[in-house]
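A.B. asks: Sharing work-v5.csv, CSV, C-alpha atoms:
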chain,number,residue,atom,x,y,z
A,1433,MET,CA,37.3,-31.1,-54.7
A,1434,HIS,CA,40.8,-29.7,-55.3
A,1435,GLU,CA,42.3,-26.6,-53.8
A,1436,PRO,CA,41.3,-23.5,-55.7
A,1437,ALA,CA,43.9,-22.3,-58.3
A,1438,TRP,CA,44.6,-19.1,-56.5
A,1439,ARG,CA,46.2,-21.1,-53.7
A,1440,ARG,CA,49.1,-21.9,-56.0
A,1441,THR,CA,49.8,-18.2,-57.0
A,1442,GLY,CA,52.2,-15.9,-55.3
A,1443,THR,CA,54.1,-16.9,-52.2
A,1444,THR,CA,52.8,-18.7,-49.2
A,1445,PRO,CA,52.2,-16.2,-46.4
A,1446,ASP,CA,54.0,-16.4,-43.0
A,1447,TYR,CA,52.2,-19.1,-41.0
A,1448,ARG,CA,51.3,-16.4,-38.3
A,1449,PHE,CA,49.3,-14.4,-40.9
A,1450,SER,CA,47.6,-17.6,-42.2
A,1451,LEU,CA,46.6,-18.7,-38.8
A,1452,ALA,CA,45.4,-15.2,-37.8
A,1453,ASN,CA,43.2,-15.1,-41.0
A,1454,GLU,CA,41.8,-18.6,-40.0
A,1455,ARG,CA,41.0,-17.3,-36.5
A,1456,THR,CA,39.2,-14.3,-38.0
A,1457,PHE,CA,37.2,-16.6,-40.2
A,1458,LEU,CA,36.3,-18.7,-37.1
A,1459,ALA,CA,35.3,-15.5,-35.2
A,1460,TRP,CA,32.8,-14.6,-38.0
A,1461,VAL,CA,31.5,-18.2,-38.1
A,1462,ARG,CA,30.8,-17.9,-34.3
A,1463,THR,CA,29.0,-14.7,-35.0
A,1464,ALA,CA,26.9,-16.5,-37.6
A,1465,LEU,CA,26.2,-19.3,-35.1
A,1466,ALA,CA,25.2,-16.8,-32.4
A,1467,LEU,CA,22.7,-15.3,-34.9
A,1468,LEU,CA,21.3,-18.8,-35.6
A,1469,ALA,CA,21.1,-19.8,-31.9
A,1470,GLY,CA,19.5,-16.4,-31.1
A,1471,ALA,CA,16.9,-16.8,-33.9
A,1472,VAL,CA,15.8,-20.3,-32.7
A,1473,ALA,CA,16.0,-19.2,-29.0
A,1474,ILE,CA,13.8,-16.1,-29.5
A,1475,ASP,CA,11.3,-18.2,-31.4
A,1476,GLN,CA,11.1,-20.8,-28.7
A,1477,LEU,CA,11.6,-19.0,-25.4
A,1478,ALA,CA,9.7,-15.7,-26.2
A,1479,PRO,CA,6.6,-16.8,-28.2
A,1480,GLU,CA,4.7,-13.7,-26.8
A,1481,ILE,CA,7.3,-11.2,-27.9
A,1482,ALA,CA,5.3,-10.2,-31.1
A,1483,PRO,CA,2.4,-11.5,-33.2
A,1484,THR,CA,3.2,-14.9,-34.5
A,1485,VAL,CA,3.8,-13.8,-38.1
A,1486,VAL,CA,6.1,-10.9,-37.1
A,1487,ARG,CA,8.0,-13.2,-34.7
A,1488,ILE,CA,8.5,-15.9,-37.4
A,1489,ILE,CA,9.7,-13.3,-40.0
A,1490,LEU,CA,12.1,-11.6,-37.6
A,1491,CYS,CA,13.6,-15.0,-36.5
A,1492,MET,CA,13.9,-16.2,-40.1
A,1493,VAL,CA,15.6,-12.9,-41.1
A,1494,LEU,CA,18.1,-13.4,-38.3
A,1495,ALA,CA,18.7,-17.0,-39.4
A,1496,LEU,CA,19.1,-16.0,-43.0
A,1497,ILE,CA,21.7,-13.3,-42.1
A,1498,GLY,CA,23.5,-16.1,-40.2
A,1499,ALA,CA,23.6,-18.3,-43.3
A,1500,ALA,CA,24.8,-15.4,-45.4
A,1501,LEU,CA,27.4,-14.5,-42.9
A,1502,ALA,CA,28.8,-18.0,-43.0
A,1503,VAL,CA,29.3,-17.7,-46.8
A,1504,VAL,CA,30.7,-14.2,-46.6
A,1505,SER,CA,33.2,-15.3,-43.9
A,1506,TYR,CA,34.6,-17.9,-46.2
A,1507,ARG,CA,34.8,-15.5,-49.1
A,1508,ARG,CA,36.5,-12.9,-46.9
A,1509,TRP,CA,39.1,-15.5,-45.8
A,1510,ALA,CA,39.8,-16.4,-49.4
A,1511,HIS,CA,40.2,-12.7,-50.5
A,1512,GLN,CA,42.5,-11.9,-47.6
A,1513,GLU,CA,44.7,-14.9,-48.4
A,1514,GLN,CA,44.8,-14.0,-52.1
A,1515,ALA,CA,45.9,-10.4,-51.1
A,1516,MET,CA,48.6,-11.8,-48.8
A,1517,ARG,CA,49.9,-14.2,-51.4
A,1518,ASN,CA,50.2,-11.6,-54.1
A,1519,ASN,CA,51.5,-8.9,-51.7
A,1520,HIS,CA,48.5,-6.6,-52.3
A,1521,GLU,CA,46.8,-4.4,-49.8
A,1522,LEU,CA,44.2,-6.2,-47.8
A,1523,PRO,CA,40.8,-5.7,-49.4
A,1524,HIS,CA,38.4,-3.3,-47.8
A,1525,SER,CA,35.3,-5.0,-46.6
A,1526,TRP,CA,31.8,-3.7,-45.7
A,1527,LEU,CA,31.3,-6.7,-43.5
A,1528,MET,CA,32.1,-5.0,-40.2
A,1529,LEU,CA,29.9,-1.9,-40.9
A,1530,GLY,CA,27.2,-4.2,-42.2
A,1531,MET,CA,27.2,-6.5,-39.2
A,1532,THR,CA,27.3,-3.4,-36.9
A,1533,VAL,CA,24.1,-2.1,-38.5
A,1534,VAL,CA,22.5,-5.5,-38.4
A,1535,VAL,CA,23.1,-6.1,-34.7
A,1536,ALA,CA,22.1,-2.5,-33.9
A,1537,VAL,CA,18.9,-2.7,-35.8
A,1538,ALA,CA,18.1,-6.1,-34.4
A,1539,ALA,CA,18.7,-4.8,-30.8
A,1540,LEU,CA,16.5,-1.8,-31.5
A,1541,ILE,CA,13.7,-3.9,-32.9
A,1542,PHE,CA,13.7,-6.3,-30.0
A,1543,ALA,CA,14.0,-3.5,-27.4
A,1544,VAL,CA,10.9,-1.9,-28.9
A,1545,LEU,CA,9.1,-5.2,-28.9
A,1546,ILE,CA,10.0,-5.9,-25.3
A,1547,LEU,CA,9.0,-2.4,-24.2
A,1548,THR,CA,5.6,-2.4,-26.0
A,1549,ARG,CA,4.7,-6.0,-25.1
A,1550,PRO,CA,1.3,-6.1,-23.5
B,460,MET,CA,62.5,-9.0,-26.4
B,461,THR,CA,65.1,-10.1,-29.0
B,462,ASP,CA,64.2,-11.9,-32.2
B,463,ALA,CA,65.5,-15.2,-30.9
B,464,GLU,CA,63.3,-15.0,-27.9
B,465,GLY,CA,60.4,-14.1,-30.1
B,466,ALA,CA,61.0,-17.1,-32.3
B,467,ALA,CA,61.3,-19.3,-29.3
B,468,ARG,CA,58.2,-18.0,-27.6
B,469,ASP,CA,55.8,-17.8,-30.5
B,470,PRO,CA,55.6,-21.3,-32.1
B,471,GLY,CA,53.4,-22.8,-29.4
B,472,LEU,CA,51.1,-19.9,-29.1
B,473,GLN,CA,49.9,-19.3,-32.7
B,474,PRO,CA,48.7,-22.9,-33.2
B,475,GLU,CA,47.3,-23.1,-29.7
B,476,ARG,CA,45.2,-19.9,-30.2
B,477,THR,CA,43.9,-21.3,-33.4
B,478,ALA,CA,43.1,-24.7,-31.9
B,479,LEU,CA,41.3,-22.9,-29.0
B,480,SER,CA,39.4,-20.9,-31.6
B,481,TRP,CA,38.2,-24.1,-33.2
B,482,ARG,CA,37.1,-25.4,-29.8
B,483,ARG,CA,35.1,-22.2,-29.1
B,484,THR,CA,33.4,-22.7,-32.5
B,485,ILE,CA,32.4,-26.2,-31.5
B,486,MET,CA,30.8,-24.9,-28.3
B,487,SER,CA,28.9,-22.3,-30.3
B,488,ILE,CA,27.4,-24.8,-32.7
B,489,ILE,CA,26.4,-27.0,-29.8
B,490,VAL,CA,24.4,-24.1,-28.3
B,491,ALA,CA,22.6,-23.6,-31.6
B,492,ASP,CA,22.0,-27.4,-31.7
B,493,ILE,CA,20.5,-27.6,-28.3
B,494,PHE,CA,17.7,-25.1,-29.1
B,495,ILE,CA,16.7,-27.0,-32.3
B,496,TRP,CA,16.7,-30.3,-30.2
B,497,ARG,CA,14.7,-28.5,-27.5
B,498,GLY,CA,12.0,-27.6,-30.0
B,499,TRP,CA,11.8,-31.3,-31.1
B,500,PHE,CA,11.5,-32.6,-27.5
B,501,HIS,CA,8.9,-29.9,-26.8
B,502,ALA,CA,6.8,-31.1,-29.8
B,503,LEU,CA,7.2,-34.7,-28.6
B,504,THR,CA,5.8,-34.0,-25.2
B,505,HIS,CA,2.9,-32.0,-26.8
B,506,GLU,CA,2.0,-34.8,-29.2
B,507,ARG,CA,1.4,-37.1,-26.2
B,508,ALA,CA,-0.6,-34.4,-24.4
B,509,SER,CA,-3.0,-33.4,-27.2
B,510,PRO,CA,-6.1,-35.6,-27.7
B,511,PRO,CA,-6.4,-37.3,-31.1
B,512,GLY,CA,-8.8,-36.1,-33.7
B,513,THR,CA,-8.3,-32.4,-33.0
B,514,MET,CA,-5.6,-31.8,-35.6
B,515,GLY,CA,-5.9,-29.6,-38.6
B,516,GLY,CA,-3.1,-29.4,-41.2
B,517,VAL,CA,-0.5,-32.2,-41.5
B,518,PHE,CA,2.3,-30.0,-40.2
B,519,ASP,CA,0.2,-28.3,-37.4
B,520,ALA,CA,1.5,-28.6,-33.9
B,521,GLY,CA,0.4,-31.9,-32.2
B,522,HIS,CA,0.3,-33.9,-35.5
B,523,SER,CA,2.9,-36.7,-35.7
B,524,SER,CA,4.1,-35.4,-39.1
B,525,HIS,CA,5.0,-32.2,-37.3
B,526,VAL,CA,7.0,-34.1,-34.7
B,527,ILE,CA,8.8,-36.1,-37.4
B,528,ALA,CA,9.6,-33.0,-39.4
B,529,LEU,CA,11.1,-31.4,-36.3
B,530,GLY,CA,13.0,-34.6,-35.7
B,531,VAL,CA,14.5,-34.4,-39.2
B,532,CYS,CA,15.6,-30.8,-38.4
B,533,ALA,CA,17.2,-32.0,-35.2
B,534,MET,CA,19.0,-34.9,-37.0
B,535,ALA,CA,20.2,-32.5,-39.7
B,536,ALA,CA,21.5,-30.1,-37.0
B,537,CYS,CA,23.3,-33.1,-35.4
B,538,LEU,CA,24.9,-34.0,-38.8
B,539,THR,CA,26.2,-30.5,-39.4
B,540,THR,CA,27.7,-30.5,-35.9
B,541,ILE,CA,29.5,-33.8,-36.6
B,542,ILE,CA,30.9,-32.3,-39.9
B,543,LEU,CA,32.1,-29.2,-38.1
B,544,VAL,CA,33.7,-31.3,-35.3
B,545,ALA,CA,35.4,-33.4,-38.0
B,546,CYS,CA,36.9,-30.2,-39.5
B,547,ALA,CA,38.0,-29.0,-36.1
B,548,VAL,CA,39.6,-32.3,-35.1
B,549,SER,CA,41.6,-32.5,-38.3
B,550,ARG,CA,42.7,-28.9,-37.9
B,551,ILE,CA,43.6,-29.3,-34.3
B,552,ARG,CA,45.6,-32.4,-35.1
B,553,VAL,CA,47.6,-30.5,-37.8
B,554,LEU,CA,48.1,-27.5,-35.5
B,555,HIS,CA,49.4,-29.6,-32.6
B,556,SER,CA,51.6,-31.8,-34.8
B,557,GLY,CA,53.4,-28.9,-36.5
B,558,VAL,CA,54.5,-27.1,-33.4
B,559,GLU,CA,58.2,-28.0,-33.7
B,560,ARG,CA,58.7,-27.3,-37.4
B,561,LEU,CA,56.4,-24.2,-37.9
B,562,ASP,CA,58.7,-22.2,-40.2
B,563,GLN,CA,59.2,-25.2,-42.5
B,564,ALA,CA,55.6,-26.3,-42.4
B,565,ALA,CA,54.0,-25.1,-45.6
B,566,ASP,CA,50.9,-27.2,-44.8
B,567,ILE,CA,50.1,-25.8,-41.4
B,568,ALA,CA,47.6,-23.3,-43.0
B,569,ALA,CA,44.0,-24.5,-43.3
B,570,SER,CA,43.1,-26.0,-46.6
B,571,ALA,CA,40.4,-24.2,-48.5
B,572,LEU,CA,38.4,-27.4,-48.5
B,573,THR,CA,38.3,-27.6,-44.7
B,574,LEU,CA,37.0,-24.0,-44.3
B,575,ARG,CA,34.6,-24.4,-47.2
B,576,THR,CA,33.2,-27.5,-45.5
B,577,ALA,CA,32.9,-25.7,-42.2
B,578,SER,CA,31.1,-22.8,-43.9
B,579,ALA,CA,28.7,-25.2,-45.7
B,580,ALA,CA,27.9,-26.9,-42.4
B,581,ILE,CA,26.8,-23.6,-40.9
B,582,VAL,CA,24.6,-22.9,-44.0
B,583,ALA,CA,23.1,-26.4,-43.6
B,584,LEU,CA,22.5,-25.7,-39.9
B,585,ALA,CA,20.8,-22.4,-40.9
B,586,VAL,CA,18.5,-24.3,-43.2
B,587,ALA,CA,17.6,-26.7,-40.4
B,588,ALA,CA,17.0,-23.7,-38.0
B,589,ILE,CA,14.8,-22.0,-40.6
B,590,CYS,CA,12.7,-25.1,-41.0
B,591,ALA,CA,12.4,-25.6,-37.3
B,592,ILE,CA,11.2,-21.9,-36.9
B,593,ALA,CA,8.7,-22.4,-39.7
B,594,LEU,CA,7.4,-25.6,-38.1
B,595,GLY,CA,7.1,-23.9,-34.8
B,596,MET,CA,4.3,-21.6,-36.1
Could you quickly redo this structure as structure tokens?
C.D. replies:
Amino acid sequence: MHEPAWRRTGTTPDYRFSLANERTFLAWVRTALALLAGAVAIDQLAPEIAPTVVRIILCMVLALIGAALAVVSYRRWAHQEQAMRNNHELPHSWLMLGMTVVVAVAALIFAVLILTRP
Amino acid sequence: MTDAEGAARDPGLQPERTALSWRRTIMSIIVADIFIWRGWFHALTHERASPPGTMGGVFDAGHSSHVIALGVCAMAACLTTIILVACAVSRIRVLHSGVERLDQAADIAASALTLRTASAAIVALAVAAICAIALGM
């Protein structure tokens, strides 16, 4: 697999910007890993948190969001680098708002489940 | 701080922060791994505990197919971790070797292939986690 064509366009950004972009990618990857670990941990450590089907669906949704986030974090990294190479404005991303909503909704659902647990 | 001081101070820090970021990522994937492995060990001990002849479906808890399937998930999780660690090791090596010649080093930035591989490893781990959750029913 070769480097994508856009990596030869424009000018190579300052190494500090490249590395900062890489660290942001890694931070999103860790967020994805936290979602995965959380999904499996809730499934195993809190089997009584909800009826089995509800629990499985919730944990699978969390794991699926983790998988999607891993893909989105790579795409985000590529788009940021393309913008830096061609001296464009950094692209706006809904990722932060999206993940804020995801985490808030997940926290709310699990808080309700914990409070209403028999 | 003058520009000269800034140039003298910065070089070690940028690669170091990025290398530390990779290390944190390795720790995160190991945490996710441990839970998948825990599910497998849990199933192993339950297989021994349950009496034979009481099993229903092939992938129901207690059946050996269930244990083997969870073992496959655990192995897949282990493999994704090895891939991510390989990405991290190659990146950390580049980051630490380029410290003296940062401004000339065009190749200090991560290759798209490395990050794509890391991203794919996380997706594979997610598949293993989803299978482990499905088997835990």
A.B. asks: Could you tell me which of A:Thr1443, A:Arg1455, A:Ala1437, A:Ala1536 comes closest to chain B if we count only C-alpha atoms?
C.D. replies: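 The shortest atom-to-atom distance to chain B comes from A:Arg1455.
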A.B. asks: Please identify every residue of chain A that has at least one atom no more than 8 Å from any atom of chain B, counting only C-alpha atoms, and report them as a PyMOL selection string.
C.D. replies: chain A and resi 1433-1436+1444+1446-1448+1450-1452+1454-1455+1458-1459+1461-1462+1464-1466+1468-1470+1472-1473+1475-1476+1484+1488+1491-1492+1495-1496+1498-1500+1502-1503+1505-1506+1510
A.B. asks: Go ahead and save the residues from that selection, with C-alpha atoms, as an mmCIF file, in the frame of the given file.
C.D. replies:
data_model
loop_
_atom_site.group_PDB
_atom_site.id
_atom_site.type_symbol
_atom_site.label_atom_id
_atom_site.label_comp_id
_atom_site.auth_asym_id
_atom_site.auth_seq_id
_atom_site.Cartn_x
_atom_site.Cartn_y
_atom_site.Cartn_z
ATOM 1 C CA MET A 1433 37.300 -31.100 -54.700
ATOM 2 C CA HIS A 1434 40.800 -29.700 -55.300
ATOM 3 C CA GLU A 1435 42.300 -26.600 -53.800
ATOM 4 C CA PRO A 1436 41.300 -23.500 -55.700
ATOM 5 C CA THR A 1444 52.800 -18.700 -49.200
ATOM 6 C CA ASP A 1446 54.000 -16.400 -43.000
ATOM 7 C CA TYR A 1447 52.200 -19.100 -41.000
ATOM 8 C CA ARG A 1448 51.300 -16.400 -38.300
ATOM 9 C CA SER A 1450 47.600 -17.600 -42.200
ATOM 10 C CA LEU A 1451 46.600 -18.700 -38.800
ATOM 11 C CA ALA A 1452 45.400 -15.200 -37.800
ATOM 12 C CA GLU A 1454 41.800 -18.600 -40.000
ATOM 13 C CA ARG A 1455 41.000 -17.300 -36.500
ATOM 14 C CA LEU A 1458 36.300 -18.700 -37.100
ATOM 15 C CA ALA A 1459 35.300 -15.500 -35.200
ATOM 16 C CA VAL A 1461 31.500 -18.200 -38.100
ATOM 17 C CA ARG A 1462 30.800 -17.900 -34.300
ATOM 18 C CA ALA A 1464 26.900 -16.500 -37.600
ATOM 19 C CA LEU A 1465 26.200 -19.300 -35.100
ATOM 20 C CA ALA A 1466 25.200 -16.800 -32.400
ATOM 21 C CA LEU A 1468 21.300 -18.800 -35.600
ATOM 22 C CA ALA A 1469 21.100 -19.800 -31.900
ATOM 23 C CA GLY A 1470 19.500 -16.400 -31.100
ATOM 24 C CA VAL A 1472 15.800 -20.300 -32.700
ATOM 25 C CA ALA A 1473 16.000 -19.200 -29.000
ATOM 26 C CA ASP A 1475 11.300 -18.200 -31.400
ATOM 27 C CA GLN A 1476 11.100 -20.800 -28.700
ATOM 28 C CA THR A 1484 3.200 -14.900 -34.500
ATOM 29 C CA ILE A 1488 8.500 -15.900 -37.400
ATOM 30 C CA CYS A 1491 13.600 -15.000 -36.500
ATOM 31 C CA MET A 1492 13.900 -16.200 -40.100
ATOM 32 C CA ALA A 1495 18.700 -17.000 -39.400
ATOM 33 C CA LEU A 1496 19.100 -16.000 -43.000
ATOM 34 C CA GLY A 1498 23.500 -16.100 -40.200
ATOM 35 C CA ALA A 1499 23.600 -18.300 -43.300
ATOM 36 C CA ALA A 1500 24.800 -15.400 -45.400
ATOM 37 C CA ALA A 1502 28.800 -18.000 -43.000
ATOM 38 C CA VAL A 1503 29.300 -17.700 -46.800
ATOM 39 C CA SER A 1505 33.200 -15.300 -43.900
ATOM 40 C CA TYR A 1506 34.600 -17.900 -46.200
ATOM 41 C CA ALA A 1510 39.800 -16.400 -49.400
#
A.B. asks: Quote the spacing between atom CA of B:Ala536 and atom CA of B:Val548 in Å to one decimal place.
C.D. replies: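 Calculated distance between atom CA of B:Ala536 and atom CA of B:Val548 is 18.3 Å.
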A.B. asks: Pick from A:Arg1508, A:Met1516, A:Ala1538, A:Met1531: nearest to A:Thr1456, with all atoms listed in the file counted?
C.D. replies: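 For A:Thr1456, the nearest of the given residues is A:Arg1508.
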A.B. asks: Tell me, in Å to one decimal, how far atom CA of A:Leu1540 is from atom CA of A:Val1486.
C.D. replies: 14.9 Å
A.B. asks: Around stretch 538-544 of chain B, fit a box with edges along x, y and z, padding it by 3 Å on each side, then list its centre and edge lengths in Å to one decimal as JSON.
C.D. replies:
{"center_x": 29.3, "center_y": -31.6, "center_z": -37.6, "size_x": 14.8, "size_y": 10.8, "size_z": 10.6}
A.B. asks: Quick one, how far is atom CA of B:His555 from atom CA of A:Gly1442?
C.D. replies: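 So the two atoms, atom CA of B:His555 and atom CA of A:Gly1442, lie 26.7 Å apart.
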A.B. asks: Where atoms are absent from stretch 1480-1508 of chain A, fill them in so it carries N, CA and C atoms, then output it as an mmCIF file, in the coordinates of the input.
C.D. replies:
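So part-v2.cif came out as:
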data_model
loop_
_atom_site.group_PDB
_atom_site.id
_atom_site.type_symbol
_atom_site.label_atom_id
_atom_site.label_comp_id
_atom_site.auth_asym_id
_atom_site.auth_seq_id
_atom_site.Cartn_x
_atom_site.Cartn_y
_atom_site.Cartn_z
ATOM 1 N N GLU A 1480 5.639 -14.855 -26.969
ATOM 2 C CA GLU A 1480 4.700 -13.700 -26.800
ATOM 3 C C GLU A 1480 5.328 -12.401 -27.203
ATOM 4 N N ILE A 1481 6.567 -12.434 -27.726
ATOM 5 C CA ILE A 1481 7.300 -11.200 -27.900
ATOM 6 C C ILE A 1481 6.608 -10.311 -29.025
ATOM 7 N N ALA A 1482 5.939 -10.955 -29.985
ATOM 8 C CA ALA A 1482 5.300 -10.200 -31.100
ATOM 9 C C ALA A 1482 4.219 -11.144 -31.665
ATOM 10 N N PRO A 1483 3.301 -10.594 -32.482
ATOM 11 C CA PRO A 1483 2.400 -11.500 -33.200
ATOM 12 C C PRO A 1483 3.113 -12.571 -33.921
ATOM 13 N N THR A 1484 2.509 -13.771 -34.013
ATOM 14 C CA THR A 1484 3.200 -14.900 -34.500
ATOM 15 C C THR A 1484 3.930 -14.658 -35.872
ATOM 16 N N VAL A 1485 3.217 -14.027 -36.815
ATOM 17 C CA VAL A 1485 3.800 -13.800 -38.100
ATOM 18 C C VAL A 1485 5.037 -12.919 -38.045
ATOM 19 N N VAL A 1486 4.925 -11.844 -37.244
ATOM 20 C CA VAL A 1486 6.100 -10.900 -37.100
ATOM 21 C C VAL A 1486 7.241 -11.646 -36.453
ATOM 22 N N ARG A 1487 6.962 -12.439 -35.416
ATOM 23 C CA ARG A 1487 8.000 -13.200 -34.700
ATOM 24 C C ARG A 1487 8.735 -14.123 -35.693
ATOM 25 N N ILE A 1488 7.941 -14.890 -36.463
ATOM 26 C CA ILE A 1488 8.500 -15.900 -37.400
ATOM 27 C C ILE A 1488 9.394 -15.133 -38.422
ATOM 28 N N ILE A 1489 8.885 -14.007 -38.954
ATOM 29 C CA ILE A 1489 9.700 -13.300 -40.000
ATOM 30 C C ILE A 1489 10.964 -12.759 -39.386
ATOM 31 N N LEU A 1490 10.897 -12.163 -38.186
ATOM 32 C CA LEU A 1490 12.100 -11.600 -37.600
ATOM 33 C C LEU A 1490 13.141 -12.741 -37.329
ATOM 34 N N CYS A 1491 12.668 -13.880 -36.794
ATOM 35 C CA CYS A 1491 13.600 -15.000 -36.500
ATOM 36 C C CYS A 1491 14.194 -15.540 -37.788
ATOM 37 N N MET A 1492 13.365 -15.624 -38.840
ATOM 38 C CA MET A 1492 13.900 -16.200 -40.100
ATOM 39 C C MET A 1492 14.900 -15.197 -40.718
ATOM 40 N N VAL A 1493 14.644 -13.894 -40.609
ATOM 41 C CA VAL A 1493 15.600 -12.900 -41.100
ATOM 42 C C VAL A 1493 16.942 -13.069 -40.403
ATOM 43 N N LEU A 1494 16.890 -13.221 -39.068
ATOM 44 C CA LEU A 1494 18.100 -13.400 -38.300
ATOM 45 C C LEU A 1494 18.867 -14.665 -38.765
ATOM 46 N N ALA A 1495 18.115 -15.771 -38.956
ATOM 47 C CA ALA A 1495 18.700 -17.000 -39.400
ATOM 48 C C ALA A 1495 19.319 -16.898 -40.788
ATOM 49 N N LEU A 1496 18.599 -16.177 -41.671
ATOM 50 C CA LEU A 1496 19.100 -16.000 -43.000
ATOM 51 C C LEU A 1496 20.388 -15.160 -43.030
ATOM 52 N N ILE A 1497 20.432 -14.127 -42.171
ATOM 53 C CA ILE A 1497 21.700 -13.300 -42.100
ATOM 54 C C ILE A 1497 22.805 -14.209 -41.568
ATOM 55 N N GLY A 1498 22.489 -15.121 -40.637
ATOM 56 C CA GLY A 1498 23.500 -16.100 -40.200
ATOM 57 C C GLY A 1498 24.050 -16.919 -41.278
ATOM 58 N N ALA A 1499 23.154 -17.425 -42.130
ATOM 59 C CA ALA A 1499 23.600 -18.300 -43.300
ATOM 60 C C ALA A 1499 24.453 -17.447 -44.219
ATOM 61 N N ALA A 1500 24.005 -16.222 -44.528
ATOM 62 C CA ALA A 1500 24.800 -15.400 -45.400
ATOM 63 C C ALA A 1500 26.142 -15.066 -44.851
ATOM 64 N N LEU A 1501 26.174 -14.831 -43.542
ATOM 65 C CA LEU A 1501 27.400 -14.500 -42.900
ATOM 66 C C LEU A 1501 28.436 -15.652 -42.964
ATOM 67 N N ALA A 1502 27.932 -16.891 -42.884
ATOM 68 C CA ALA A 1502 28.800 -18.000 -43.000
ATOM 69 C C ALA A 1502 29.483 -18.074 -44.379
ATOM 70 N N VAL A 1503 28.708 -17.759 -45.423
ATOM 71 C CA VAL A 1503 29.300 -17.700 -46.800
ATOM 72 C C VAL A 1503 30.246 -16.585 -46.928
ATOM 73 N N VAL A 1504 29.841 -15.400 -46.439
ATOM 74 C CA VAL A 1504 30.700 -14.200 -46.600
ATOM 75 C C VAL A 1504 32.001 -14.404 -45.825
ATOM 76 N N SER A 1505 31.964 -15.094 -44.670
ATOM 77 C CA SER A 1505 33.200 -15.300 -43.900
ATOM 78 C C SER A 1505 34.210 -16.127 -44.667
ATOM 79 N N TYR A 1506 33.710 -17.118 -45.413
ATOM 80 C CA TYR A 1506 34.600 -17.900 -46.200
ATOM 81 C C TYR A 1506 35.231 -17.068 -47.362
ATOM 82 N N ARG A 1507 34.345 -16.296 -48.039
ATOM 83 C CA ARG A 1507 34.800 -15.500 -49.100
ATOM 84 C C ARG A 1507 35.847 -14.435 -48.641
ATOM 85 N N ARG A 1508 35.572 -13.879 -47.450
ATOM 86 C CA ARG A 1508 36.500 -12.900 -46.900
ATOM 87 C C ARG A 1508 37.848 -13.540 -46.600
#
